[in-house]
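Enquirer: Input structure: target-v7.cif, which contains mmCIF, C-alpha atoms.
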```cif
data_work
#
loop_
_atom_site.label_atom_id
_atom_site.label_comp_id
_atom_site.auth_asym_id
_atom_site.auth_seq_id
_atom_site.Cartn_x
_atom_site.Cartn_y
_atom_site.Cartn_z
CA MET L 19 -46.53 -18.59 95.37
CA ASN L 20 -46.21 -18.54 91.58
CA LYS L 21 -44.36 -21.10 89.51
CA LYS L 22 -41.44 -18.74 88.82
CA LYS L 23 -40.69 -18.33 92.52
CA ILE L 24 -40.96 -22.09 93.07
CA VAL L 25 -38.45 -22.74 90.27
CA ILE L 26 -36.02 -20.13 91.65
CA ILE L 27 -36.25 -21.59 95.18
CA SER L 28 -35.77 -25.13 93.85
CA VAL L 29 -32.69 -24.08 91.87
CA CYS L 30 -31.22 -22.31 94.90
CA VAL L 31 -31.81 -25.36 97.10
CA LEU L 32 -30.24 -27.63 94.48
CA VAL L 33 -27.16 -25.36 94.14
CA ALA L 34 -26.80 -25.20 97.93
CA LEU L 35 -26.97 -28.99 98.19
CA MET L 36 -24.35 -29.34 95.45
CA ILE L 37 -22.01 -26.90 97.22
CA ILE L 38 -22.44 -28.76 100.51
CA GLY L 39 -21.82 -32.09 98.75
CA VAL L 40 -18.64 -30.84 97.08
CA ALA L 41 -17.39 -29.39 100.39
CA ILE L 42 -18.03 -32.69 102.19
CA TYR L 43 -16.26 -34.62 99.42
CA PHE L 44 -13.10 -32.52 99.50
CA THR L 45 -13.04 -32.40 103.30
CA THR L 46 -13.36 -36.19 103.49
CA ARG L 47 -10.72 -36.67 100.79
CA ASN L 48 -8.26 -34.35 102.54
CA VAL L 49 -8.78 -36.17 105.86
CA THR L 50 -8.27 -39.55 104.16
CA GLU L 51 -5.15 -38.36 102.32
CA SER L 52 -3.75 -36.93 105.54
CA ALA L 53 -4.37 -40.22 107.36
CA ASN L 54 -2.67 -42.20 104.58
CA GLU L 55 0.26 -39.81 104.20
CA ASN L 56 3.66 -41.27 104.94
CA LYS L 57 5.59 -38.46 106.65
CA LEU L 58 8.96 -40.22 106.51
CA SER L 59 8.55 -40.67 102.76
CA LYS L 60 7.61 -37.01 102.39
CA MET L 61 10.72 -35.98 104.34
CA TYR L 62 12.91 -38.25 102.22
CA ASP L 63 11.52 -36.71 99.02
CA LYS L 64 12.35 -33.22 100.32
CA MET L 65 15.88 -34.34 101.22
CA MET L 66 16.49 -35.76 97.77
CA GLN L 67 14.91 -32.90 95.84
CA ASP L 68 18.16 -30.91 95.93
CA GLU L 69 20.28 -33.53 97.75
CA THR L 70 20.85 -30.86 100.39
CA TYR L 71 20.13 -31.51 104.06
CA SER L 72 21.63 -31.52 107.54
CA ILE L 73 20.26 -33.85 110.22
CA THR L 74 21.51 -34.04 113.80
CA PHE L 75 20.81 -37.10 115.94
CA THR L 76 21.39 -36.55 119.67
CA LEU L 77 21.35 -39.14 122.44
CA ASN L 78 23.22 -36.90 124.89
CA ASP L 79 26.11 -34.39 124.88
CA GLU L 80 28.70 -37.15 124.49
CA ASN L 81 26.85 -39.22 121.88
CA LYS L 82 25.52 -37.44 118.82
CA TYR L 83 26.19 -37.08 115.14
CA THR L 84 25.25 -34.81 112.25
CA VAL L 85 24.96 -35.84 108.63
CA SER L 86 25.24 -32.87 106.25
CA ARG L 87 25.09 -33.32 102.51
CA LYS L 88 25.16 -31.05 99.48
CA GLY L 89 25.17 -32.92 96.19
CA ASN L 90 28.34 -35.01 95.96
CA MET L 91 29.79 -33.62 99.22
CA ALA L 92 29.05 -34.74 102.77
CA ASN L 93 30.17 -34.11 106.33
CA ILE L 94 29.48 -36.75 109.02
CA ASP L 95 30.41 -35.15 112.33
CA MET L 96 30.41 -37.56 115.29
CA TYR L 97 30.76 -37.53 119.06
CA SER L 98 31.01 -41.06 120.47
CA HIS L 99 31.50 -41.20 124.22
CA GLY L 100 33.02 -37.74 123.93
CA ASN L 101 35.48 -38.60 121.14
CA HIS L 102 35.09 -36.16 118.23
CA THR L 103 35.72 -37.24 114.63
CA THR L 104 34.49 -36.15 111.21
CA HIS L 105 34.29 -37.85 107.85
CA LEU L 106 34.48 -35.42 104.92
CA ILE L 107 33.41 -36.76 101.52
CA LYS L 108 34.45 -34.63 98.57
CA ASP L 109 35.70 -35.22 95.02
CA GLY L 110 35.10 -38.95 95.43
CA ASN L 111 37.43 -39.23 98.43
CA THR L 112 36.88 -39.47 102.19
CA SER L 113 38.98 -37.70 104.80
CA LEU L 114 38.89 -38.76 108.45
CA LEU L 115 39.45 -35.84 110.85
CA ILE L 116 40.55 -36.63 114.42
CA TYR L 117 40.04 -33.62 116.67
CA SER L 118 42.07 -34.86 119.65
CA THR L 119 45.25 -34.74 117.55
CA LYS L 120 44.09 -32.33 114.82
CA THR L 121 45.19 -34.75 112.13
CA TYR L 122 43.42 -36.13 109.07
CA TYR L 123 43.78 -39.15 106.81
CA THR L 124 42.46 -39.25 103.26
CA TYR L 125 41.11 -42.41 101.61
CA GLN L 126 41.10 -42.17 97.83
CA ASN L 127 38.14 -43.27 95.71
CA ASN L 128 35.96 -43.85 98.74
CA GLU L 129 32.58 -42.11 99.13
CA ILE L 130 30.42 -44.90 100.54
CA GLU L 131 29.14 -42.70 103.37
CA LEU L 132 27.88 -40.02 100.95
CA THR L 133 24.53 -41.75 100.48
CA GLU L 134 24.44 -44.09 103.49
CA LEU L 135 21.71 -42.22 105.38
CA SER L 136 19.50 -41.53 102.37
CA ASN L 137 19.86 -45.14 101.17
CA GLU L 138 18.85 -46.42 104.60
CA LEU L 139 15.78 -44.17 104.75
CA ASN L 140 14.72 -45.23 101.27
CA GLU L 141 15.16 -48.89 102.16
CA ILE L 142 13.04 -48.45 105.30
CA ILE L 143 10.28 -46.67 103.38
CA GLN L 144 10.22 -49.27 100.61
CA SER L 145 10.29 -52.22 103.00
CA GLN L 146 6.83 -51.86 104.54
CA GLU L 147 3.82 -49.72 105.42
CA PRO L 148 4.36 -48.23 108.89
CA GLU L 149 2.05 -48.59 111.84
CA LYS L 150 0.80 -45.16 112.91
CA GLY L 151 -0.14 -43.75 116.28
CA LYS L 152 0.25 -40.89 118.74
CA GLU L 153 2.49 -40.63 121.79
CA GLU L 154 3.30 -37.96 124.35
CA ILE L 155 6.94 -36.94 124.86
CA ASP L 156 7.82 -34.30 127.46
CA GLY L 157 4.24 -33.10 127.64
CA LYS L 158 3.75 -32.78 123.86
CA THR L 159 1.83 -35.16 121.59
CA TYR L 160 3.52 -36.42 118.43
CA ASN L 161 2.34 -38.54 115.52
CA TYR L 162 4.61 -41.49 114.92
CA GLU L 163 5.30 -44.01 112.18
CA GLU L 164 6.68 -47.35 113.35
CA TYR L 165 8.74 -49.71 111.20
CA LYS L 166 9.42 -53.29 112.28
CA GLY L 167 12.83 -54.95 112.19
CA ILE L 168 14.78 -51.67 112.08
CA SER L 169 17.70 -50.82 114.40
CA TYR L 170 19.86 -48.55 112.18
CA PHE L 171 19.46 -45.46 114.39
CA LEU L 172 20.41 -47.21 117.65
CA MET L 173 23.40 -45.34 119.07
CA ASN L 174 24.28 -47.10 122.32
CA ALA L 175 23.82 -50.87 122.09
CA ASP L 176 25.06 -52.87 125.09
CA GLU L 177 24.47 -56.22 123.43
CA GLU L 178 23.90 -57.84 120.05
CA ILE L 179 20.59 -56.73 118.58
CA SER L 180 18.06 -59.10 117.03
CA GLU L 181 16.12 -57.41 114.23
CA ASP L 182 13.22 -59.81 114.87
CA ASN L 183 12.57 -58.15 118.21
CA THR L 184 13.28 -54.55 117.17
CA SER L 185 11.27 -51.67 115.74
CA THR L 186 11.84 -47.97 115.19
CA ARG L 187 9.38 -45.11 115.67
CA PHE L 188 9.74 -41.77 113.89
CA TYR L 189 7.97 -38.96 115.75
CA PHE L 190 6.67 -35.95 113.85
CA LYS L 191 5.27 -32.55 114.79
CA GLY L 192 3.45 -31.60 111.61
CA ASP L 193 5.90 -32.69 108.91
CA GLU L 194 9.01 -32.14 111.04
CA LEU L 195 10.87 -35.16 112.41
CA LYS L 196 11.59 -34.52 116.12
CA TYR L 197 12.48 -37.86 117.74
CA ILE L 198 13.43 -41.42 116.85
CA LYS L 199 12.91 -44.28 119.27
CA THR L 200 14.40 -47.72 118.80
CA ILE L 201 12.43 -50.37 120.70
CA MET L 202 14.11 -53.66 121.62
CA GLY L 203 11.64 -55.83 123.51
CA GLU L 204 11.15 -54.10 126.86
CA LYS L 205 14.10 -51.74 126.29
CA SER L 206 14.19 -48.59 124.19
CA GLU L 207 16.50 -45.75 123.20
CA GLN L 208 15.18 -42.32 122.25
CA ILE L 209 17.16 -39.69 120.37
CA GLN L 210 16.33 -36.11 119.49
CA VAL L 211 16.40 -35.08 115.83
CA ASP L 212 16.96 -31.67 114.23
CA VAL L 213 16.52 -31.31 110.47
CA SER L 214 17.64 -28.42 108.28
CA TYR L 215 17.81 -27.93 104.52
CA ASN L 216 20.42 -25.15 104.63
CA VAL L 217 24.03 -26.36 104.38
CA ASP L 218 27.11 -24.09 104.33
CA ASN L 219 29.93 -24.98 101.92
CA SER L 220 32.51 -24.40 104.66
CA LEU L 221 31.47 -27.72 106.22
CA PHE L 222 33.27 -29.55 103.42
CA GLU L 223 36.68 -28.02 103.94
CA ILE L 224 39.45 -29.45 106.13
CA PRO L 225 40.23 -26.92 108.90
CA ALA L 226 43.44 -24.98 108.34
CA ASP L 227 44.96 -26.09 111.68
CA PHE L 228 44.73 -29.82 110.83
CA GLN L 229 47.79 -31.70 109.59
CA GLU L 230 47.79 -34.72 107.30
CA GLY L 231 48.69 -37.89 109.18
#
```
Go ahead and express the file in the form of structure tokens.
Expert:
Amino acid sequence: MNKKKIVIISVCVLVALMIIGVAIYFTTRNVTESANENKLSKMYDKMMQDETYSITFTLNDENKYTVSRKGNMANIDMYSHGNHTTHLIKDGNTSLLIYSTKTYYTYQNNEIELTELSNELNEIIQSQEPEKGKEEIDGKTYNYEEYKGISYFLMNADEEISEDNTSTRFYFKGDELKYIKTIMGEKSEQIQVDVSYNVDNSLFEIPADFQEG
């Protein structure tokens, strides 16, 4: 074998080793970044990008609520033990809609609920690094992020809750939030979550058949 062939083979081997090394580096970096990724934070960033989102939290048919927001407008639609009410936030005011009587009441210069959910999520994210794990729900495996001392999403509390003994797990399939579980010692409450980033403007109008109370 002449020197020219030896040089060519050496160069080819060196290039191959470099390609393999670069591939291993980027694969390892992607795995590390994926492991360190905070999915709740990523979801929050997407929510706040256009301030447009709709999230439904469901315990059962009689206890659920949906928070829909589009900029400076919001609709918080609630079923609590079967009672249906809605808070509409628009133009800096809040209107309470009561479906049993088809009446509404407007509170001027009140929009505190406009950012309540997003503020709570941001506070949770900023408060701590979550513990991460996997758990099976209804035969499917989900990645979860657990935050200590959080009970905001608890929907049906029978007694006073101590934050010291409470934590909340957010379950994701890919980047999609699917469940939230609030753990209180040996008790827990699990709710289903549906997230959308498409919000119709009609949600922010008082229905025509409602009368002002």
Enquirer: Provide the CA of Glu230 in chain L to CA of Tyr122 in chain L distance in Å, to one decimal place.
Expert: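 So the two atoms, CA of Glu230 in chain L and CA of Tyr122 in chain L, lie 4.9 Å apart.
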Enquirer: Applied to this file, what does the PyMOL selection byres ((chain L and resi 117) around 9) return in terms of residues, put as an MDAnalysis selection string?
Expert: chainID L and resid 101:104 115:116 118:122 228
Enquirer: Assuming the chain letters and numbering stay as they are in my file, what does the PyMOL selection byres ((chain L and resi 217-219) around 7) actually select? List them as a PDB file with C-alpha atoms, keeping the file's coordinate frame.
Expert:
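Resulting contents of out_20.pdb:
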```pdb
ATOM      1  CA  THR L  70      20.850 -30.860 100.390  1.00  0.00           C
ATOM      2  CA  TYR L  71      20.130 -31.510 104.060  1.00  0.00           C
ATOM      3  CA  SER L  72      21.630 -31.520 107.540  1.00  0.00           C
ATOM      4  CA  SER L  86      25.240 -32.870 106.250  1.00  0.00           C
ATOM      5  CA  LYS L  88      25.160 -31.050  99.480  1.00  0.00           C
ATOM      6  CA  TYR L 215      17.810 -27.930 104.520  1.00  0.00           C
ATOM      7  CA  ASN L 216      20.420 -25.150 104.630  1.00  0.00           C
ATOM      8  CA  SER L 220      32.510 -24.400 104.660  1.00  0.00           C
ATOM      9  CA  LEU L 221      31.470 -27.720 106.220  1.00  0.00           C
ATOM     10  CA  PHE L 222      33.270 -29.550 103.420  1.00  0.00           C
TER      11      PHE L 222
END
```
Enquirer: Can you list what the PyMOL selection byres ((chain L and resi 164-169) around 9) grabs from this structure, as a list in words?
Expert: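 For this structure, the PyMOL selection byres ((chain L and resi 164-169) around 9) resolves to Ile142, Ile143, Ser145, Gln146, Glu147, Pro148, Glu149, Lys150, Gly151, Tyr162, Glu163, Tyr170, Phe171, Leu172, Ile179, Ser180, Glu181, Asp182, Asn183, Thr184, Ser185, Thr186, Arg187, Phe188, Tyr189, Thr200, Ile201 and Met202 of chain L.
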Enquirer: How many Å lie between CA of Tyr62 in chain L and CA of Asn137 in chain L, rounded to one decimal?
Expert: 9.8 Å
Enquirer: What is the CA of Lys152 in chain L-CA of Glu69 in chain L distance in Å, reported with one decimal?
Expert: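 Straight-line distance from CA of Lys152 in chain L to CA of Glu69 in chain L works out to 29.9 Å.
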Enquirer: Which polymer residues have any atom within 10 Å of an atom of Met96 in chain L, counting all atoms listed in the file, with same-chain residues fewer than 6 positions away left out, as a list in words?
Expert: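 Everything that qualifies: Thr74, Phe75, Glu80, Asn81, Lys82, Tyr83, Thr84, Val85, His102, Thr103, Thr104 and His105 of chain L.
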Enquirer: For Thr133 in chain L, which residue among L:Leu195, L:Ile94, L:Val213, L:Ile224 is the nearest when counting only C-alpha atoms?
Expert: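 Using only C-alpha atoms, the shortest distance to Thr133 in chain L belongs to L:Ile94.
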Enquirer: Which of these residues is nearest to Ser113 in chain L, using all atoms listed in the file: L:Asn78, L:Gln210, L:Gly203, L:Ala92?
Expert: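 Ranking L:Asn78, L:Gln210, L:Gly203, L:Ala92 by distance to Ser113 in chain L, first place goes to L:Ala92.
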Enquirer: Residues within 9 Å of range 154-160 of chain L, please, as a list in words. Count all atoms listed in the file; anything in the same chain fewer than 5 positions from it doesn't count.
Expert: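 Selected residues are Tyr189, Phe190, Lys191, Gly192 and Lys196 of chain L.
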Enquirer: Have a look at L:Asn90, L:Glu207, L:Glu55, L:Glu153 and name the one nearest to Asn128 in chain L; count all atoms listed in the file.
Expert: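 The answer is L:Asn90, which sits nearest to Asn128 in chain L.
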Enquirer: Render range 61-97 of chain L from the structure in the preceding block as a file of N, CA, C and O atoms, as a PDB file, in the first residue's frame.
Expert:
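Writing done, so here's result02.pdb:
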```pdb
ATOM      1  N   MET L  61     -45.627  25.369  28.380  1.00  0.00           N
ATOM      2  CA  MET L  61     -47.045  25.596  28.131  1.00  0.00           C
ATOM      3  C   MET L  61     -47.429  27.033  28.486  1.00  0.00           C
ATOM      4  O   MET L  61     -48.170  27.700  27.745  1.00  0.00           O
ATOM      5  N   TYR L  62     -46.934  27.511  29.606  1.00  0.00           N
ATOM      6  CA  TYR L  62     -47.222  28.892  30.033  1.00  0.00           C
ATOM      7  C   TYR L  62     -46.721  29.889  28.988  1.00  0.00           C
ATOM      8  O   TYR L  62     -47.439  30.849  28.641  1.00  0.00           O
ATOM      9  N   ASP L  63     -45.523  29.672  28.457  1.00  0.00           N
ATOM     10  CA  ASP L  63     -44.975  30.576  27.446  1.00  0.00           C
ATOM     11  C   ASP L  63     -45.862  30.601  26.199  1.00  0.00           C
ATOM     12  O   ASP L  63     -46.074  31.660  25.599  1.00  0.00           O
ATOM     13  N   LYS L  64     -46.386  29.434  25.816  1.00  0.00           N
ATOM     14  CA  LYS L  64     -47.274  29.382  24.649  1.00  0.00           C
ATOM     15  C   LYS L  64     -48.583  30.117  24.929  1.00  0.00           C
ATOM     16  O   LYS L  64     -49.116  30.808  24.054  1.00  0.00           O
ATOM     17  N   MET L  65     -49.105  29.961  26.144  1.00  0.00           N
ATOM     18  CA  MET L  65     -50.324  30.672  26.526  1.00  0.00           C
ATOM     19  C   MET L  65     -50.140  32.177  26.429  1.00  0.00           C
ATOM     20  O   MET L  65     -51.018  32.902  25.944  1.00  0.00           O
ATOM     21  N   MET L  66     -49.004  32.665  26.886  1.00  0.00           N
ATOM     22  CA  MET L  66     -48.788  34.097  26.992  1.00  0.00           C
ATOM     23  C   MET L  66     -48.271  34.723  25.708  1.00  0.00           C
ATOM     24  O   MET L  66     -48.223  35.947  25.592  1.00  0.00           O
ATOM     25  N   GLN L  67     -47.895  33.884  24.745  1.00  0.00           N
ATOM     26  CA  GLN L  67     -47.367  34.409  23.489  1.00  0.00           C
ATOM     27  C   GLN L  67     -48.375  35.342  22.816  1.00  0.00           C
ATOM     28  O   GLN L  67     -48.037  36.441  22.375  1.00  0.00           O
ATOM     29  N   ASP L  68     -49.622  34.909  22.722  1.00  0.00           N
ATOM     30  CA  ASP L  68     -50.684  35.742  22.155  1.00  0.00           C
ATOM     31  C   ASP L  68     -51.774  36.053  23.176  1.00  0.00           C
ATOM     32  O   ASP L  68     -52.811  36.636  22.815  1.00  0.00           O
ATOM     33  N   GLU L  69     -51.559  35.625  24.428  1.00  0.00           N
ATOM     34  CA  GLU L  69     -52.572  35.770  25.485  1.00  0.00           C
ATOM     35  C   GLU L  69     -53.915  35.214  25.022  1.00  0.00           C
ATOM     36  O   GLU L  69     -54.973  35.806  25.283  1.00  0.00           O
ATOM     37  N   THR L  70     -53.856  34.076  24.315  1.00  0.00           N
ATOM     38  CA  THR L  70     -55.060  33.443  23.791  1.00  0.00           C
ATOM     39  C   THR L  70     -55.024  31.956  24.120  1.00  0.00           C
ATOM     40  O   THR L  70     -54.137  31.240  23.655  1.00  0.00           O
ATOM     41  N   TYR L  71     -55.986  31.511  24.928  1.00  0.00           N
ATOM     42  CA  TYR L  71     -56.021  30.108  25.326  1.00  0.00           C
ATOM     43  C   TYR L  71     -57.375  29.779  25.928  1.00  0.00           C
ATOM     44  O   TYR L  71     -58.114  30.664  26.381  1.00  0.00           O
ATOM     45  N   SER L  72     -57.704  28.492  25.916  1.00  0.00           N
ATOM     46  CA  SER L  72     -58.918  28.001  26.561  1.00  0.00           C
ATOM     47  C   SER L  72     -58.569  26.677  27.230  1.00  0.00           C
ATOM     48  O   SER L  72     -58.094  25.747  26.569  1.00  0.00           O
ATOM     49  N   ILE L  73     -58.767  26.599  28.543  1.00  0.00           N
ATOM     50  CA  ILE L  73     -58.393  25.413  29.298  1.00  0.00           C
ATOM     51  C   ILE L  73     -59.587  24.956  30.128  1.00  0.00           C
ATOM     52  O   ILE L  73     -60.145  25.720  30.910  1.00  0.00           O
ATOM     53  N   THR L  74     -59.965  23.702  29.944  1.00  0.00           N
ATOM     54  CA  THR L  74     -61.078  23.120  30.688  1.00  0.00           C
ATOM     55  C   THR L  74     -60.554  22.151  31.732  1.00  0.00           C
ATOM     56  O   THR L  74     -59.735  21.277  31.421  1.00  0.00           O
ATOM     57  N   PHE L  75     -61.022  22.315  32.967  1.00  0.00           N
ATOM     58  CA  PHE L  75     -60.650  21.451  34.081  1.00  0.00           C
ATOM     59  C   PHE L  75     -61.905  20.688  34.512  1.00  0.00           C
ATOM     60  O   PHE L  75     -62.889  21.307  34.915  1.00  0.00           O
ATOM     61  N   THR L  76     -61.869  19.366  34.439  1.00  0.00           N
ATOM     62  CA  THR L  76     -63.059  18.563  34.703  1.00  0.00           C
ATOM     63  C   THR L  76     -62.827  17.539  35.805  1.00  0.00           C
ATOM     64  O   THR L  76     -61.957  16.668  35.684  1.00  0.00           O
ATOM     65  N   LEU L  77     -63.606  17.680  36.884  1.00  0.00           N
ATOM     66  CA  LEU L  77     -63.615  16.654  37.930  1.00  0.00           C
ATOM     67  C   LEU L  77     -64.677  15.613  37.597  1.00  0.00           C
ATOM     68  O   LEU L  77     -64.446  14.416  37.649  1.00  0.00           O
ATOM     69  N   ASN L  78     -65.868  16.081  37.259  1.00  0.00           N
ATOM     70  CA  ASN L  78     -66.971  15.238  36.798  1.00  0.00           C
ATOM     71  C   ASN L  78     -67.976  16.149  36.083  1.00  0.00           C
ATOM     72  O   ASN L  78     -67.716  17.349  35.925  1.00  0.00           O
ATOM     73  N   ASP L  79     -69.116  15.585  35.652  1.00  0.00           N
ATOM     74  CA  ASP L  79     -70.078  16.379  34.884  1.00  0.00           C
ATOM     75  C   ASP L  79     -70.645  17.559  35.665  1.00  0.00           C
ATOM     76  O   ASP L  79     -71.048  18.570  35.075  1.00  0.00           O
ATOM     77  N   GLU L  80     -70.687  17.460  36.985  1.00  0.00           N
ATOM     78  CA  GLU L  80     -71.277  18.519  37.802  1.00  0.00           C
ATOM     79  C   GLU L  80     -70.241  19.480  38.375  1.00  0.00           C
ATOM     80  O   GLU L  80     -70.605  20.476  38.990  1.00  0.00           O
ATOM     81  N   ASN L  81     -68.970  19.186  38.179  1.00  0.00           N
ATOM     82  CA  ASN L  81     -67.908  20.037  38.725  1.00  0.00           C
ATOM     83  C   ASN L  81     -66.797  20.193  37.683  1.00  0.00           C
ATOM     84  O   ASN L  81     -65.948  19.313  37.518  1.00  0.00           O
ATOM     85  N   LYS L  82     -66.852  21.304  36.984  1.00  0.00           N
ATOM     86  CA  LYS L  82     -65.845  21.600  35.968  1.00  0.00           C
ATOM     87  C   LYS L  82     -65.860  23.094  35.671  1.00  0.00           C
ATOM     88  O   LYS L  82     -66.831  23.796  35.982  1.00  0.00           O
ATOM     89  N   TYR L  83     -64.782  23.571  35.100  1.00  0.00           N
ATOM     90  CA  TYR L  83     -64.756  24.971  34.689  1.00  0.00           C
ATOM     91  C   TYR L  83     -63.788  25.165  33.526  1.00  0.00           C
ATOM     92  O   TYR L  83     -62.843  24.391  33.351  1.00  0.00           O
ATOM     93  N   THR L  84     -64.080  26.182  32.740  1.00  0.00           N
ATOM     94  CA  THR L  84     -63.246  26.514  31.582  1.00  0.00           C
ATOM     95  C   THR L  84     -62.817  27.963  31.670  1.00  0.00           C
ATOM     96  O   THR L  84     -63.649  28.858  31.871  1.00  0.00           O
ATOM     97  N   VAL L  85     -61.525  28.186  31.522  1.00  0.00           N
ATOM     98  CA  VAL L  85     -60.986  29.542  31.484  1.00  0.00           C
ATOM     99  C   VAL L  85     -60.576  29.837  30.042  1.00  0.00           C
ATOM    100  O   VAL L  85     -59.678  29.187  29.503  1.00  0.00           O
ATOM    101  N   SER L  86     -61.261  30.791  29.418  1.00  0.00           N
ATOM    102  CA  SER L  86     -60.936  31.201  28.051  1.00  0.00           C
ATOM    103  C   SER L  86     -60.505  32.657  28.067  1.00  0.00           C
ATOM    104  O   SER L  86     -61.187  33.501  28.657  1.00  0.00           O
ATOM    105  N   ARG L  87     -59.400  32.935  27.412  1.00  0.00           N
ATOM    106  CA  ARG L  87     -58.900  34.310  27.396  1.00  0.00           C
ATOM    107  C   ARG L  87     -58.437  34.689  25.997  1.00  0.00           C
ATOM    108  O   ARG L  87     -57.892  33.870  25.262  1.00  0.00           O
ATOM    109  N   LYS L  88     -58.663  35.935  25.650  1.00  0.00           N
ATOM    110  CA  LYS L  88     -58.161  36.514  24.407  1.00  0.00           C
ATOM    111  C   LYS L  88     -57.797  37.962  24.678  1.00  0.00           C
ATOM    112  O   LYS L  88     -58.665  38.835  24.721  1.00  0.00           O
ATOM    113  N   GLY L  89     -56.527  38.203  24.928  1.00  0.00           N
ATOM    114  CA  GLY L  89     -56.074  39.560  25.243  1.00  0.00           C
ATOM    115  C   GLY L  89     -56.666  40.061  26.536  1.00  0.00           C
ATOM    116  O   GLY L  89     -56.475  39.468  27.597  1.00  0.00           O
ATOM    117  N   ASN L  90     -57.435  41.163  26.455  1.00  0.00           N
ATOM    118  CA  ASN L  90     -58.021  41.756  27.666  1.00  0.00           C
ATOM    119  C   ASN L  90     -59.462  41.308  27.893  1.00  0.00           C
ATOM    120  O   ASN L  90     -60.210  41.955  28.624  1.00  0.00           O
ATOM    121  N   MET L  91     -59.842  40.170  27.287  1.00  0.00           N
ATOM    122  CA  MET L  91     -61.170  39.593  27.500  1.00  0.00           C
ATOM    123  C   MET L  91     -61.032  38.168  28.036  1.00  0.00           C
ATOM    124  O   MET L  91     -60.094  37.451  27.693  1.00  0.00           O
ATOM    125  N   ALA L  92     -61.967  37.774  28.903  1.00  0.00           N
ATOM    126  CA  ALA L  92     -61.923  36.416  29.452  1.00  0.00           C
ATOM    127  C   ALA L  92     -63.329  35.920  29.738  1.00  0.00           C
ATOM    128  O   ALA L  92     -64.268  36.710  29.964  1.00  0.00           O
ATOM    129  N   ASN L  93     -63.480  34.616  29.704  1.00  0.00           N
ATOM    130  CA  ASN L  93     -64.730  33.942  30.036  1.00  0.00           C
ATOM    131  C   ASN L  93     -64.381  32.807  30.979  1.00  0.00           C
ATOM    132  O   ASN L  93     -63.627  31.906  30.608  1.00  0.00           O
ATOM    133  N   ILE L  94     -64.888  32.847  32.200  1.00  0.00           N
ATOM    134  CA  ILE L  94     -64.683  31.760  33.176  1.00  0.00           C
ATOM    135  C   ILE L  94     -66.030  31.099  33.381  1.00  0.00           C
ATOM    136  O   ILE L  94     -66.918  31.643  34.045  1.00  0.00           O
ATOM    137  N   ASP L  95     -66.213  29.957  32.757  1.00  0.00           N
ATOM    138  CA  ASP L  95     -67.485  29.240  32.744  1.00  0.00           C
ATOM    139  C   ASP L  95     -67.417  28.096  33.751  1.00  0.00           C
ATOM    140  O   ASP L  95     -66.550  27.217  33.631  1.00  0.00           O
ATOM    141  N   MET L  96     -68.327  28.084  34.737  1.00  0.00           N
ATOM    142  CA  MET L  96     -68.210  27.155  35.861  1.00  0.00           C
ATOM    143  C   MET L  96     -69.481  26.348  36.100  1.00  0.00           C
ATOM    144  O   MET L  96     -70.588  26.883  36.013  1.00  0.00           O
ATOM    145  N   TYR L  97     -69.259  25.058  36.417  1.00  0.00           N
ATOM    146  CA  TYR L  97     -70.304  24.195  36.953  1.00  0.00           C
ATOM    147  C   TYR L  97     -69.823  23.726  38.324  1.00  0.00           C
ATOM    148  O   TYR L  97     -68.802  23.047  38.425  1.00  0.00           O
TER     149      TYR L  97
END
```
